[in-house]
$ cat upload_33.txt   # compact mmCIF, C-alpha atoms
# COMPACT_ATOMS: atom_id res chain seq x y z
CA MET H 1 95.50 112.52 137.01
CA PRO H 2 93.65 112.39 133.67
CA ALA H 3 90.27 110.66 133.50
CA ARG H 4 91.62 108.33 130.84
CA PRO H 5 95.13 107.03 130.40
CA GLU H 6 96.95 108.48 127.42
CA LEU H 7 97.26 106.47 124.23
CA VAL H 8 100.85 105.82 123.24
CA ARG H 9 101.39 106.11 119.50
CA PRO H 10 102.68 102.86 117.97
CA ASP H 11 105.98 103.05 116.13
CA ASP H 12 106.01 103.71 112.39
CA ALA H 13 107.06 100.16 111.47
CA ALA H 14 104.12 98.67 113.39
CA ILE H 15 101.70 101.09 111.73
CA ALA H 16 103.13 100.35 108.26
CA ALA H 17 102.78 96.58 108.81
CA ALA H 18 99.20 97.04 110.04
CA ALA H 19 98.39 99.26 107.03
CA ARG H 20 99.56 96.47 104.71
CA ARG H 21 97.33 94.00 106.59
CA THR H 22 94.43 96.46 106.29
CA VAL H 23 94.75 96.49 102.49
CA SER H 24 94.75 92.66 102.48
CA ALA H 25 91.89 92.49 104.99
CA LEU H 26 89.66 94.90 103.08
CA ALA H 27 90.36 93.10 99.80
CA ALA H 28 89.37 89.82 101.48
CA VAL H 29 86.22 91.40 102.96
CA PHE H 30 85.13 92.76 99.58
CA GLU H 31 85.80 89.42 97.92
CA ALA H 32 83.85 87.60 100.65
CA LEU H 33 80.89 89.99 100.42
CA GLY H 34 80.70 89.78 96.65
CA THR H 35 78.84 92.09 94.32
CA GLY H 36 76.32 94.52 95.70
CA GLU H 37 75.87 97.55 97.92
CA HIS H 38 77.54 97.20 101.31
CA THR H 39 77.88 99.32 104.43
CA LEU H 40 80.87 98.68 106.68
CA ASN H 41 80.64 99.82 110.31
CA LEU H 42 83.59 99.60 112.68
CA ALA H 43 83.31 100.08 116.44
CA VAL H 44 86.55 100.38 118.40
CA GLU H 45 87.11 100.34 122.14
CA GLN H 46 90.46 101.96 122.85
CA THR H 47 92.81 101.03 125.69
CA ASN H 48 92.09 104.44 127.28
CA ASP H 49 88.37 103.50 127.46
CA GLY H 50 87.52 105.75 124.52
CA LEU H 51 85.05 104.59 121.90
CA VAL H 52 85.45 105.52 118.25
CA SER H 53 83.63 104.37 115.17
CA GLY H 54 83.70 104.70 111.44
CA HIS H 55 81.64 103.61 108.49
CA ALA H 56 81.73 103.56 104.72
CA ASP H 57 79.29 102.71 101.97
CA VAL H 58 80.77 100.78 99.07
CA SER H 59 79.57 99.16 95.88
CA VAL H 60 81.34 96.07 94.59
CA GLY H 61 80.86 94.97 91.00
CA ILE H 62 82.29 92.62 88.42
CA GLY H 63 82.80 92.69 84.68
CA PRO H 64 85.19 94.52 85.08
CA GLU H 65 85.85 94.27 88.79
CA ARG H 66 85.22 97.56 90.50
CA LEU H 67 84.93 99.13 93.93
CA ALA H 68 83.06 102.40 94.27
CA VAL H 69 83.28 104.32 97.53
CA LEU H 70 80.43 106.73 98.28
CA ASP H 71 82.50 109.09 100.48
CA GLU H 72 86.30 108.96 100.27
CA THR H 73 86.77 110.78 103.60
CA GLU H 74 84.58 108.27 105.45
CA PHE H 75 86.42 105.40 103.77
CA GLY H 76 89.78 106.94 104.71
CA THR H 77 88.68 107.22 108.34
CA LEU H 78 87.48 103.60 108.32
CA TYR H 79 90.78 102.47 106.78
CA THR H 80 92.75 104.33 109.47
CA LEU H 81 90.66 102.88 112.29
CA ILE H 82 91.04 99.34 110.91
CA THR H 83 94.80 99.90 110.67
CA PHE H 84 95.04 100.89 114.33
CA ALA H 85 92.73 98.02 115.32
CA LEU H 86 94.91 95.49 113.46
CA GLU H 87 98.07 97.02 114.97
CA GLY H 88 96.44 96.48 118.35
CA SER H 89 98.51 98.38 120.89
CA THR H 90 95.92 101.15 121.40
CA VAL H 91 92.79 99.01 120.92
CA ARG H 92 91.08 96.73 123.42
CA ARG H 93 88.33 95.50 121.09
CA ALA H 94 87.13 96.18 117.55
CA VAL H 95 84.22 94.80 115.52
CA LEU H 96 83.58 95.27 111.79
CA VAL H 97 79.96 94.74 110.71
CA ALA H 98 79.14 94.41 107.02
CA SER H 99 75.55 95.01 105.98
CA THR H 100 74.52 94.12 102.44
CA ALA H 101 71.49 95.58 100.71
CA ALA H 102 69.67 92.47 99.53
CA GLU H 103 66.09 91.72 98.55
CA PRO H 104 63.85 90.87 100.24
CA THR H 105 65.92 91.16 103.45
CA PRO H 106 69.24 92.93 104.03
CA ARG H 107 72.01 90.69 105.38
CA ALA H 108 74.75 91.27 107.95
CA CYS H 109 77.89 89.51 109.09
CA ALA H 110 80.77 90.63 111.28
CA TRP H 111 84.38 90.13 112.16
CA THR H 112 86.22 90.92 115.36
CA VAL H 113 89.88 91.84 115.52
CA ARG H 114 92.07 89.23 117.21
CA ASP H 115 95.79 88.65 116.87
CA GLY H 116 96.17 91.34 114.22
CA TRP H 117 93.51 89.99 111.83
CA LEU H 118 89.75 89.94 111.22
CA ARG H 119 88.14 86.78 112.63
CA PRO H 120 84.45 85.81 112.16
CA MET H 121 82.27 87.09 114.99
CA ASP H 122 79.84 84.85 116.84
CA THR H 123 76.48 85.11 115.06
CA ALA H 124 74.46 85.02 118.30
CA GLU H 125 76.35 88.08 119.54
CA LEU H 126 75.85 89.81 116.19
CA GLU H 127 72.14 88.98 116.22
CA LEU H 128 71.81 90.91 119.49
CA ALA H 129 73.82 93.83 118.11
CA VAL H 130 71.73 94.32 114.95
CA ARG H 131 68.30 93.63 116.45
CA PRO H 132 66.00 96.62 115.86
CA CYS H 133 65.15 98.63 118.96
CA PRO H 134 61.44 98.60 119.87
CA GLY H 135 59.62 101.64 118.52
CA LEU H 136 62.40 102.73 116.18
CA PRO H 137 62.26 102.41 112.38
CA ASN H 138 65.25 100.12 112.02
CA VAL H 139 65.79 97.62 109.26
CA ARG H 140 65.72 93.96 110.25
CA ARG H 141 68.76 92.10 108.89
CA GLU H 142 69.33 88.43 108.25
CA VAL H 143 72.46 87.53 110.21
CA TYR H 144 74.87 84.98 108.78
CA SER H 145 78.31 83.65 109.70
CA ALA H 146 81.09 85.79 108.33
CA PRO H 147 83.48 83.92 106.10
CA VAL H 148 86.96 83.16 107.36
CA LEU H 149 89.33 85.58 105.68
CA ASP H 150 92.60 84.12 104.46
CA GLN H 151 95.49 85.92 106.09
CA PRO H 152 98.42 86.64 103.77
CA HIS H 153 101.65 84.84 104.59
CA GLY H 154 104.20 86.82 106.54
CA HIS H 155 101.63 88.98 108.33
$ encode --input "upload_33.txt" --output "structure tokens"
Amino acid sequence: MPARPELVRPDDAAIAAAARRTVSALAAVFEALGTGEHTLNLAVEQTNDGLVSGHADVSVGIGPERLAVLDETEFGTLYTLITFALEGSTVRRAVLVASTAAEPTPRACAWTVRDGWLRPMDTAELELAVRPCPGLPNVRREVYSAPVLDQPHGH
């Protein structure tokens, strides 16, 4: 008997629908975060008890609107993980944390995946997650409530 149960691959239609939601979700996240330098971190607990994570650094600007991705491979991995999190059949829990480089203090907000969409995460729980560990040179972040992301109709 394997140590972890096997993950069963979702069908192609479910993955395609989740991929469309991922495009909408990321567009909503970037709009909510606004201009600036942002780091997105995703932590995923799979149904087989595996833990996977991904991150991407992005820059959002206006005039004209633009999105610059620092590493396309990292962004592709993040996109794939969000897709499987939104699809849901192989994921028990997933949290997306957005950190924004801001002066004088960086900011952070987060969403958790529920019912196939990104929902604002409880700020008290996020505060615990981003608190610097004693003795380590971590950056202290101002935690704020993540905006509610409008879910497209038909998703």
$ atom_distance --input "upload_33.txt" --atom1 "CA of Gly34 (chain H)" --atom2 "CA of Ala16 (chain H)"
27.4 Å
$ atom_distance --input "upload_33.txt" --atom1 "CA of Arg119 (chain H)" --atom2 "CA of Glu142 (chain H)"
19.4 Å
$ atom_distance --input "upload_33.txt" --atom1 "CA of Phe30 (chain H)" --atom2 "CA of Gly50 (chain H)"
28.2 Å
$ closest_residue --input "upload_33.txt" --among "H:Val113, H:Ile82, H:Val95, H:Val148" --to "Glu125 (chain H)" --atoms "only C-alpha atoms"
H:Val95
$ residues_around --input "upload_33.txt" --residues "Cys109 (chain H)" --least-positions-apart "6" --cutoff "8 Å" --atoms "only C-alpha atoms" --output "PyMOL selection string"
chain H and resi 97-99+121+123+126+143-146
$ closest_residue --input "upload_33.txt" --among "H:Leu149, H:Arg141, H:Pro106, H:Ala56" --to "Glu72 (chain H)" --atoms "only C-alpha atoms"
H:Ala56
$ residues_around --input "upload_33.txt" --residues "region 36-44 of chain H" --least-positions-apart "3" --cutoff "10 Å" --atoms "all atoms listed in the file" --output "count of residues only"
50
$ closest_residue --input "upload_33.txt" --among "H:Asp12, H:Ala28, H:Pro104, H:Glu127" --to "Pro152 (chain H)" --atoms "only C-alpha atoms"
H:Ala28
$ closest_residue --input "upload_33.txt" --among "H:Thr35, H:Thr77, H:Ser89, H:Thr83" --to "Val8 (chain H)" --atoms "only C-alpha atoms"
H:Ser89
$ closest_residue --input "upload_33.txt" --among "H:Glu87, H:Asp115, H:Asp150, H:Asp71" --to "Arg20 (chain H)" --atoms "all atoms listed in the file"
H:Glu87
$ axis_aligned_box --input "upload_33.txt" --around "region 19-33 of chain H" --padding-each-side "5 Å" --output "lines of an AutoDock Vina configuration file"
center_x = 90.2
center_y = 93.4
center_z = 102.5
size_x = 28.7
size_y = 21.7
size_z = 19.1
